[in-house]
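I have placed the structure first, in the form of structure tokens, so that the comments after it can refer back to it.
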There are 2 protein chains.
Amino acid sequence: MITFNVTILGSSSAIPTPARFTTSQVVNLNERLYMVDCGEAAQIQLRRFGIKFGRINHIFISHLHGDHIFGLPGLISSLTMGGKKGELNIYAHAELRSLMSGLMNLINDSEDFKLIYHTLNKRRHSFLLEDEKIRVESFPLKHRIPCNGFIFREQPQELHLRGNKIEELNISISDRLAIKKGMDYILPDGTVIPNKDLTLPPLKPRSFAYCTDTAIHEKIIPYIEGVDLLYHEATFGDNLKDLAKLTGHSTARQAAILASKANAGKLIIGHFSTRYKDVSELVNEAREVFPNTHAINDGEKIDVRDSH
Amino acid sequence: MITFNVTILGSSSAIPTPARFTTSQVVNLNERLYMVDCGEAAQIQLRRFGIKFGRINHIFISHLHGDHIFGLPGLISSLTMGGKKGELNIYAHAELRSLMSGLMNLINDSEDFKLIYHTLNKRRHSFLLEDEKIRVESFPLKHRIPCNGFIFREQPQELHLRGNKIEELNISISDRLAIKKGMDYILPDGTVIPNKDLTLPPLKPRSFAYCTDTAIHEKIIPYIEGVDLLYHEATFGDNLKDLAKLTGHSTARQAAILASKANAGKLIIGHFSTRYKDVSELVNEAREVFPNTHAINDGEKIDVRDSH
């Protein structure tokens with residue numbers, strides 16, 4: 001099966017600790033890497049976890065709080081020093097560019113390396129990127145400042161050929177490609193073999209949704225309905241529900257309620273307040289509502305759909 | 001003896017690795033903390049090494065390359081979130097303020113916490129800070145862009161009282177304070193006891209000099225002559241002397257030559273190019289010229305003067 005997983009670079013909320021850096025994740029779909037948020041020292045975590053970060057060509061920034069962007073100057077600086085070529089696409093709110101402009105003066109330009117800023121729509125669901133393997137969409141969350149969630153969708157795969165049948169009929173390579181796309185097959189005598197006798201349905205395309213920072217916000221459910229893997233912030237425990245509301249964050253229980261209503265396959269929670277030395281209290285709270293919940297740790301690699 | 005040591009937060013050159021973060025050090029003199037340079041994730045290293053960074057009130061920035069300043073936004077942001085009060089003094093070239101201004105917009109101001117920028121003189125030796133315990137001076141180094149070195153000097157200590165003699169004569173507390181400052185003592189019968197019979201000379205004030213980034217630059221010798229502990233960059237080995245010159249850096253041998261000519265007590269080298277997985281080659285090269293050389297590692301705490 002094509003690789004589709006997420007590596008956690010940072011799982012803390014606003015303040016990093018040696019065990020939990022600030023927010024950043026890397027999505028690997030078919031060995032192409034997509035970074036989501038870039039907290040301080042994301043570049044160090046990439047090296048620590050053996051991720052070849054010269055292969056990152058797209059960075060998605062949820063919102064313009066420091067714990068989600070302070071890693072950008074260092075990362076981009078190291079990419080230029082490492083001789084990265086081509087384009088680095090940054091999807092963020094329009095203000096990122098001016099916030100970064102001072103420090104970006106320190107980074108040597110290169111003719112072969114271009115930074116391309118794409119402006120996120122703060123108010124509407126939108127499509128950001130699409131190619132033969134992936135589609136990335138964004139949608140508004142509910143935080144103290146504008147904040148966007150993202151969903152990474154695998155493109156529908158081709159039909160699987162029924163090997164025995166194909167060999168029995170000695171079907172040519174070019175006809176096989178047509179059958180994979182849904183065509184029937186016609187024998188020399190004119191008999192039509194219907195496509196369904198020659199193929200098996202493809203696996204349902206997988207998807208990963210990323211929702212931080214946000215208060216619980218049920219309006220996002222249509223955009224993530226049926227997602228295989230949902231990352232949702234859980235900054236606080238339910239006893240701090242009022243603080244969560246006040247600061248535009250969610251409790252672990254709220255993350256689970258959202259996962260349940262969105263029919264997610266699995267929920268991963270993070271963005272933990274540094275007050276939780278041990279986050280099992282948060283996981284337990286979430287599991288009461290949504291049993292398939294996991295608390296992320298820096299360095300973990302999580303498959304978007306469990307193989308079992 | 002009063003504490004006077006240096007903790008290494010980062011020992012790599014431009015690019016950080018999981019083992020060596022970019023440049024930052026913390027000087028502790030009498031439990032007051034002075035930060036020198038602030039590479040990315042310096043705040044994480046402070047936590048990792050158990051340094052209470054709310055106690056840092058002065059940060060000295062050698063020059064405006066990213067690997068020496070990318071940690072500032074995260075550190076200052078965490079200080080404000082941690083409720084730091086009072087002043088944080090930043091000594092740097094004038095341009096730092098505009099480079100930082102974008103990201104500083106993300107950091108919440110507080111009436112009780114003030115950032116104060118002090119402009120370093122790029123061309124001349126100058127005095128930056130002085131109180132009863134410490135004097136900090138800066139002087140120009142020789143890099144691709146303006147760069148300053150720093151020297152942290154312990155203030156001369158008072159004379160030590162000769163305990164036996166003081167007790168024998170039953171000298172009052174107020175007279176003892178006067179004797180510590182160098183006064184003679186006069187007995188009730190008018191006999192003068194000279195100060196030298198009542199005191200021992202104080203220890204020679206200790207000093208720590210910080211010289212990075214720089215090509216070897218003998219003009220700094222008058223400013224650091226006789227320094228107890230010299231930190232001097234050693235980005236390259238001597239076989240890359242030409243590259244060192246071209247990029248405004250030093251080789252390990254050059255650092256040692258400088259330490260020797262300046263009559264330093266001990267040399268510590270760092271700012272290692274990531275090409276050196278093992279830096280023993282650099283240490284050996286330096287020791288041929290200056291035997292008391294040590295290669296720094298992240299997390300090390302080094303006394304400014306060895307007690308033995």
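In the structure tokens, chains take the letters A, B, ... in the order shown, each chain's residues start at 1, and ligands count up from 1 in the order shown.
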Residue contacts of Val36 (chain A) (6 Å, only C-alpha atoms) excluding same-chain residues fewer than 3 positions away, as number ranges by chain: A: 24-25, 59-60
Please write the residues from the selection above to a file, keeping N, CA, C and O atoms, as a PDB file, in the first residue's frame.
```
ATOM      1  N   SER A  24       4.297  21.041  15.238  1.00  0.00           N
ATOM      2  CA  SER A  24       4.676  20.803  13.848  1.00  0.00           C
ATOM      3  C   SER A  24       4.477  19.321  13.548  1.00  0.00           C
ATOM      4  O   SER A  24       4.699  18.473  14.413  1.00  0.00           O
ATOM      5  N   GLN A  25       4.010  19.033  12.335  1.00  0.00           N
ATOM      6  CA  GLN A  25       3.833  17.647  11.898  1.00  0.00           C
ATOM      7  C   GLN A  25       4.264  17.539  10.432  1.00  0.00           C
ATOM      8  O   GLN A  25       4.265  18.540   9.715  1.00  0.00           O
ATOM      9  N   ILE A  59       4.469  23.806   2.877  1.00  0.00           N
ATOM     10  CA  ILE A  59       4.276  24.002   4.321  1.00  0.00           C
ATOM     11  C   ILE A  59       2.943  24.721   4.527  1.00  0.00           C
ATOM     12  O   ILE A  59       2.696  25.769   3.913  1.00  0.00           O
ATOM     13  N   PHE A  60       2.108  24.135   5.372  1.00  0.00           N
ATOM     14  CA  PHE A  60       0.783  24.698   5.662  1.00  0.00           C
ATOM     15  C   PHE A  60       0.811  25.270   7.072  1.00  0.00           C
ATOM     16  O   PHE A  60       1.170  24.570   8.017  1.00  0.00           O
TER      17      PHE A  60
END
```
Please identify every residue of chain A that has at least one atom no farther than 9 Å from an atom of chain B, counting only C-alpha atoms, and for each give the shortest atom pair and the distance in Å to one decimal, arranged by chain then increasing number, as a tab-separated table.
```
residue	atom	partner	partner_atom	distance
A:Ala14	CA	B:Ser78	CA	8.0
A:Ile15	CA	B:Ser78	CA	6.2
A:Pro16	CA	B:Ile44	CA	6.5
A:Thr17	CA	B:Ile44	CA	6.0
A:Pro18	CA	B:Arg48	CA	5.5
A:Ala19	CA	B:Arg48	CA	8.9
A:Phe21	CA	B:Ile44	CA	8.0
A:Glu40	CA	B:Ala41	CA	6.2
A:Ala41	CA	B:Ala41	CA	5.7
A:Gln43	CA	B:Pro16	CA	8.1
A:Ile44	CA	B:Pro18	CA	5.7
A:Gln45	CA	B:Pro18	CA	7.3
A:Arg47	CA	B:Pro18	CA	6.7
A:Arg48	CA	B:Pro18	CA	5.5
A:Leu64	CA	B:Leu106	CA	7.8
A:His65	CA	B:Leu106	CA	6.5
A:Gly66	CA	B:Leu106	CA	6.4
A:Asp67	CA	B:Gly74	CA	7.6
A:Phe70	CA	B:Gly74	CA	6.6
A:Gly71	CA	B:Glu40	CA	7.9
A:Pro73	CA	B:Phe70	CA	7.1
A:Gly74	CA	B:Phe70	CA	6.6
A:Ser77	CA	B:Gly66	CA	7.7
A:Ser78	CA	B:Ile15	CA	6.2
A:Met81	CA	B:Ile15	CA	8.3
A:Leu96	CA	B:Gly102	CA	8.9
A:Ser98	CA	B:Gly102	CA	6.4
A:Leu99	CA	B:Gly102	CA	3.9
A:Met100	CA	B:Gly102	CA	6.0
A:Ser101	CA	B:Gly102	CA	6.9
A:Gly102	CA	B:Leu99	CA	3.9
A:Leu103	CA	B:Leu99	CA	5.2
A:Met104	CA	B:Leu99	CA	8.3
A:Asn105	CA	B:Leu99	CA	7.5
A:Leu106	CA	B:Gly66	CA	6.4
A:Ile107	CA	B:Gly66	CA	7.8
```
What would the file look like if the residues just selected were written as a CSV table (one decimal), in the first residue's frame with N, CA, C and O atoms?
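Output file result-v8.csv is given in full below:
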```csv
chain,number,residue,atom,x,y,z
A,14,ALA,N,1.6,26.3,23.7
A,14,ALA,CA,2.4,27.5,23.4
A,14,ALA,C,3.9,27.4,23.9
A,14,ALA,O,4.8,28.1,23.3
A,15,ILE,N,4.2,26.7,25.0
A,15,ILE,CA,5.5,26.7,25.5
A,15,ILE,C,6.2,25.4,25.3
A,15,ILE,O,5.6,24.3,25.7
A,16,PRO,N,7.4,25.3,24.7
A,16,PRO,CA,8.0,24.0,24.5
A,16,PRO,C,8.7,23.5,25.7
A,16,PRO,O,9.1,24.3,26.6
A,17,THR,N,8.8,22.2,25.8
A,17,THR,CA,9.6,21.6,26.9
A,17,THR,C,10.6,20.6,26.2
A,17,THR,O,10.5,20.4,25.0
A,18,PRO,N,11.6,20.2,26.9
A,18,PRO,CA,12.6,19.3,26.2
A,18,PRO,C,11.9,18.0,25.6
A,18,PRO,O,12.3,17.5,24.6
A,19,ALA,N,10.8,17.6,26.2
A,19,ALA,CA,10.1,16.4,25.7
A,19,ALA,C,9.1,16.7,24.7
A,19,ALA,O,8.8,15.9,23.8
A,21,PHE,N,8.2,19.6,22.0
A,21,PHE,CA,8.4,20.9,21.3
A,21,PHE,C,7.1,21.5,20.8
A,21,PHE,O,6.0,20.8,21.0
A,40,GLU,N,9.1,26.4,16.8
A,40,GLU,CA,10.6,26.5,17.0
A,40,GLU,C,11.3,25.2,17.0
A,40,GLU,O,10.8,24.3,17.7
A,41,ALA,N,12.4,25.1,16.2
A,41,ALA,CA,13.3,24.0,16.2
A,41,ALA,C,12.7,22.8,15.5
A,41,ALA,O,13.2,21.7,15.6
A,43,GLN,N,13.2,22.1,12.6
A,43,GLN,CA,14.3,21.6,11.8
A,43,GLN,C,15.2,20.6,12.6
A,43,GLN,O,15.7,19.7,12.0
A,44,ILE,N,15.3,20.9,13.9
A,44,ILE,CA,16.1,20.0,14.7
A,44,ILE,C,15.4,18.6,14.8
A,44,ILE,O,15.9,17.6,14.8
A,45,GLN,N,14.0,18.7,15.0
A,45,GLN,CA,13.3,17.5,15.1
A,45,GLN,C,13.3,16.7,13.8
A,45,GLN,O,13.4,15.5,13.8
A,47,ARG,N,15.7,16.5,11.8
A,47,ARG,CA,17.0,15.8,11.8
A,47,ARG,C,17.0,14.6,12.8
A,47,ARG,O,17.4,13.5,12.5
A,48,ARG,N,16.4,14.9,14.0
A,48,ARG,CA,16.4,13.9,15.0
A,48,ARG,C,15.6,12.7,14.6
A,48,ARG,O,16.0,11.5,14.9
A,64,LEU,N,-1.3,32.5,12.8
A,64,LEU,CA,0.0,33.2,13.0
A,64,LEU,C,0.2,33.5,14.5
A,64,LEU,O,0.4,34.6,15.0
A,65,HIS,N,0.3,32.4,15.3
A,65,HIS,CA,0.8,32.5,16.7
A,65,HIS,C,2.2,31.9,16.6
A,65,HIS,O,2.5,31.0,15.9
A,66,GLY,N,3.1,32.5,17.5
A,66,GLY,CA,4.5,32.2,17.4
A,66,GLY,C,4.8,30.7,17.6
A,66,GLY,O,5.7,30.2,16.9
A,67,ASP,N,4.0,30.0,18.4
A,67,ASP,CA,4.3,28.5,18.6
A,67,ASP,C,4.0,27.7,17.3
A,67,ASP,O,4.4,26.5,17.3
A,70,PHE,N,7.5,30.0,14.7
A,70,PHE,CA,8.9,30.4,15.0
A,70,PHE,C,10.0,29.5,14.4
A,70,PHE,O,11.2,29.9,14.4
A,71,GLY,N,9.6,28.3,13.9
A,71,GLY,CA,10.6,27.5,13.3
A,71,GLY,C,10.9,27.8,11.9
A,71,GLY,O,11.9,27.3,11.3
A,73,PRO,N,12.0,30.6,10.2
A,73,PRO,CA,13.3,31.2,9.7
A,73,PRO,C,14.5,30.2,9.7
A,73,PRO,O,15.2,30.2,8.8
A,74,GLY,N,14.6,29.5,10.8
A,74,GLY,CA,15.7,28.5,10.9
A,74,GLY,C,15.6,27.4,9.8
A,74,GLY,O,16.6,27.0,9.2
A,77,SER,N,16.3,29.0,6.4
A,77,SER,CA,17.7,29.3,6.3
A,77,SER,C,18.6,28.0,6.1
A,77,SER,O,19.5,28.0,5.2
A,78,SER,N,18.3,27.0,6.8
A,78,SER,CA,19.0,25.7,6.6
A,78,SER,C,18.8,25.1,5.2
A,78,SER,O,19.7,24.5,4.6
A,81,MET,N,21.0,27.0,2.9
A,81,MET,CA,22.4,26.6,3.1
A,81,MET,C,22.6,25.2,2.6
A,81,MET,O,23.7,24.9,2.1
A,96,LEU,N,1.6,36.6,7.2
A,96,LEU,CA,2.8,35.9,7.5
A,96,LEU,C,4.0,36.6,6.8
A,96,LEU,O,5.1,36.8,7.5
A,98,SER,N,4.7,39.7,6.0
A,98,SER,CA,5.3,40.9,6.6
A,98,SER,C,5.9,40.5,8.0
A,98,SER,O,6.9,41.1,8.4
A,99,LEU,N,5.2,39.6,8.7
A,99,LEU,CA,5.8,39.2,10.0
A,99,LEU,C,7.2,38.6,9.9
A,99,LEU,O,8.1,38.8,10.7
A,100,MET,N,7.4,37.9,8.8
A,100,MET,CA,8.7,37.2,8.5
A,100,MET,C,9.7,38.1,7.8
A,100,MET,O,10.9,37.7,7.8
A,101,SER,N,9.3,39.2,7.3
A,101,SER,CA,10.1,39.9,6.3
A,101,SER,C,11.5,40.3,7.0
A,101,SER,O,12.5,40.3,6.3
A,102,GLY,N,11.4,40.8,8.2
A,102,GLY,CA,12.7,41.2,8.9
A,102,GLY,C,13.7,40.1,8.9
A,102,GLY,O,14.8,40.2,8.3
A,103,LEU,N,13.3,39.0,9.5
A,103,LEU,CA,14.3,37.9,9.6
A,103,LEU,C,14.6,37.2,8.3
A,103,LEU,O,15.7,36.7,8.1
A,104,MET,N,13.7,37.3,7.3
A,104,MET,CA,14.0,36.7,6.0
A,104,MET,C,15.1,37.5,5.3
A,104,MET,O,15.7,37.0,4.4
A,105,ASN,N,15.3,38.8,5.7
A,105,ASN,CA,16.4,39.5,5.1
A,105,ASN,C,17.7,38.8,5.4
A,105,ASN,O,18.7,39.1,4.8
A,106,LEU,N,17.8,38.0,6.4
A,106,LEU,CA,19.0,37.4,6.8
A,106,LEU,C,19.3,36.1,6.0
A,106,LEU,O,20.4,35.5,6.1
A,107,ILE,N,18.3,35.7,5.2
A,107,ILE,CA,18.5,34.5,4.5
A,107,ILE,C,18.9,34.7,3.1
A,107,ILE,O,18.2,35.5,2.4
```
task: Would you list the contacts of Gln157 (chain B) as a ChimeraX atom specification, taking every protein, DNA or RNA residue within 9 Å and counting only C-alpha atoms, but skipping same-chain residues closer than 5 positions in sequence?
output: /B:133,202-205
task: May I ask for the distance between CA of Glu31 (chain B) and CA of Thr3 (chain B), given in Å to one decimal place?
output: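 Distance between the two atoms: 6.7 Å.
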query: How would you write, as a VMD selection string, the set of residues in region 38-267 of chain A that DSSP gives as strand (DSSP E or B)?
result: chain A and resid 56 to 60 86 to 92 110 113 to 119 126 to 130 134 to 140 148 to 154 160 to 161 185 to 186 192 to 193 199 to 200 207 to 211 229 to 233 236 251 266 to 267
message: So that I can see what lies close to Asp303 (chain A), please list as a list in words the residues with an atom at most 10 Å from it, counting only C-alpha atoms and leaving out residues fewer than 5 positions away in the same chain.
response: Thr3, Phe4, Asn5, Val6, Thr7, Val27, Asn28, Phe208, Asp228 and Leu229 of chain A
Just N, CA and C atoms for this one: save the residues we selected as a tab-separated table (two decimals), in the first residue's frame.
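Everything below was put into part_27.tsv:
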```
chain	number	residue	atom	x	y	z
A	3	THR	N	2.51	4.60	1.02
A	3	THR	CA	2.75	5.22	2.32
A	3	THR	C	1.82	6.40	2.55
A	4	PHE	N	1.22	6.46	3.72
A	4	PHE	CA	0.44	7.64	4.11
A	4	PHE	C	0.48	7.70	5.63
A	5	ASN	N	1.37	8.52	6.14
A	5	ASN	CA	1.49	8.61	7.60
A	5	ASN	C	1.83	10.03	8.03
A	6	VAL	N	1.84	10.22	9.32
A	6	VAL	CA	2.09	11.54	9.91
A	6	VAL	C	3.18	11.38	10.97
A	7	THR	N	4.22	12.21	10.92
A	7	THR	CA	5.22	12.20	11.99
A	7	THR	C	5.05	13.45	12.84
A	27	VAL	N	3.38	15.25	7.04
A	27	VAL	CA	2.57	14.23	6.38
A	27	VAL	C	3.39	13.63	5.24
A	28	ASN	N	3.47	12.32	5.21
A	28	ASN	CA	4.14	11.62	4.12
A	28	ASN	C	3.07	10.87	3.32
A	208	PHE	N	-6.52	12.43	6.25
A	208	PHE	CA	-6.00	12.90	7.54
A	208	PHE	C	-6.43	14.35	7.73
A	228	ASP	N	-10.21	9.25	8.20
A	228	ASP	CA	-9.58	8.10	8.84
A	228	ASP	C	-8.85	8.47	10.11
A	229	LEU	N	-8.06	9.55	10.02
A	229	LEU	CA	-7.25	9.95	11.17
A	229	LEU	C	-7.51	11.43	11.41
```
CA of Phe127 (chain B) to CA of Tyr231 (chain B), straight-line distance in Å: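 Value for the CA of Tyr231 (chain B)-CA of Phe127 (chain B) distance: 19.2 Å.
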message: Just the number, please: distance in Å from CA of Gly265 (chain B) to CA of Ile90 (chain B), one decimal.
response: 28.8 Å
- request: Determine, counting only C-alpha atoms, which protein, DNA and RNA residues have an atom within 12 Å of an atom of Ile145 (chain A); residues of the same chain fewer than 4 positions away are not included. Present the result as a list of chain:residue names.
  value: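 Selected residues are A:Ser62, A:His63, A:Leu64, A:His65, A:His93, A:Lys122, A:Arg123, A:Pro140, A:Leu141, A:Thr212, A:Asp213, A:Thr214, A:Ala215, A:Thr247, A:Gly248, A:His249, B:Leu106.
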- request: Using backbone DSSP assignments, extract all alpha helix (DSSP H) residues from region 145-303 of chain A; output them as a PyMOL selection string.
  value: chain A and resi 163-168+173-180+195-198+221-224+241-247+252-261+280-289
Exercise: Ala209 (chain B) partners within 9 Å, only C-alpha atoms, chain neighbours under 4 positions left out, as a PDB file with N, CA, C and O atoms, in the first residue's frame:
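Once written, around_0.pdb looks like this:
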```
ATOM      1  N   GLY B 149      32.937  40.846  19.971  1.00  0.00           N
ATOM      2  CA  GLY B 149      33.266  39.932  21.057  1.00  0.00           C
ATOM      3  C   GLY B 149      32.888  40.592  22.371  1.00  0.00           C
ATOM      4  O   GLY B 149      32.618  41.801  22.425  1.00  0.00           O
ATOM      5  N   PHE B 150      32.871  39.781  23.441  1.00  0.00           N
ATOM      6  CA  PHE B 150      32.510  40.314  24.762  1.00  0.00           C
ATOM      7  C   PHE B 150      33.498  39.792  25.796  1.00  0.00           C
ATOM      8  O   PHE B 150      34.031  38.690  25.653  1.00  0.00           O
ATOM      9  N   ILE B 151      33.739  40.588  26.818  1.00  0.00           N
ATOM     10  CA  ILE B 151      34.478  40.064  27.960  1.00  0.00           C
ATOM     11  C   ILE B 151      33.719  40.389  29.238  1.00  0.00           C
ATOM     12  O   ILE B 151      33.229  41.509  29.418  1.00  0.00           O
ATOM     13  N   PHE B 152      33.550  39.356  30.043  1.00  0.00           N
ATOM     14  CA  PHE B 152      32.844  39.465  31.322  1.00  0.00           C
ATOM     15  C   PHE B 152      33.899  39.442  32.411  1.00  0.00           C
ATOM     16  O   PHE B 152      34.599  38.447  32.573  1.00  0.00           O
ATOM     17  N   ARG B 153      34.024  40.546  33.144  1.00  0.00           N
ATOM     18  CA  ARG B 153      35.054  40.638  34.175  1.00  0.00           C
ATOM     19  C   ARG B 153      34.406  40.738  35.549  1.00  0.00           C
ATOM     20  O   ARG B 153      33.546  41.599  35.776  1.00  0.00           O
ATOM     21  N   ILE B 224      41.656  41.220  25.701  1.00  0.00           N
ATOM     22  CA  ILE B 224      41.426  39.951  26.400  1.00  0.00           C
ATOM     23  C   ILE B 224      42.687  39.422  27.079  1.00  0.00           C
ATOM     24  O   ILE B 224      42.663  38.340  27.667  1.00  0.00           O
ATOM     25  N   VAL B 227      43.084  36.719  30.019  1.00  0.00           N
ATOM     26  CA  VAL B 227      41.732  36.228  30.362  1.00  0.00           C
ATOM     27  C   VAL B 227      41.827  34.793  30.917  1.00  0.00           C
ATOM     28  O   VAL B 227      42.656  33.997  30.467  1.00  0.00           O
ATOM     29  N   ASP B 228      41.000  34.501  31.905  1.00  0.00           N
ATOM     30  CA  ASP B 228      41.044  33.151  32.484  1.00  0.00           C
ATOM     31  C   ASP B 228      40.494  32.108  31.526  1.00  0.00           C
ATOM     32  O   ASP B 228      41.066  31.042  31.353  1.00  0.00           O
ATOM     33  N   LEU B 229      39.331  32.403  30.966  1.00  0.00           N
ATOM     34  CA  LEU B 229      38.666  31.439  30.086  1.00  0.00           C
ATOM     35  C   LEU B 229      38.328  32.159  28.792  1.00  0.00           C
ATOM     36  O   LEU B 229      37.646  33.184  28.800  1.00  0.00           O
ATOM     37  N   LEU B 230      38.837  31.609  27.692  1.00  0.00           N
ATOM     38  CA  LEU B 230      38.568  32.211  26.380  1.00  0.00           C
ATOM     39  C   LEU B 230      37.724  31.248  25.564  1.00  0.00           C
ATOM     40  O   LEU B 230      38.136  30.104  25.319  1.00  0.00           O
ATOM     41  N   TYR B 231      36.519  31.686  25.167  1.00  0.00           N
ATOM     42  CA  TYR B 231      35.776  30.938  24.163  1.00  0.00           C
ATOM     43  C   TYR B 231      36.117  31.555  22.817  1.00  0.00           C
ATOM     44  O   TYR B 231      35.874  32.752  22.596  1.00  0.00           O
ATOM     45  N   HIS B 232      36.676  30.745  21.933  1.00  0.00           N
ATOM     46  CA  HIS B 232      36.988  31.223  20.588  1.00  0.00           C
ATOM     47  C   HIS B 232      36.457  30.213  19.594  1.00  0.00           C
ATOM     48  O   HIS B 232      36.619  29.009  19.767  1.00  0.00           O
TER      49      HIS B 232
END
```
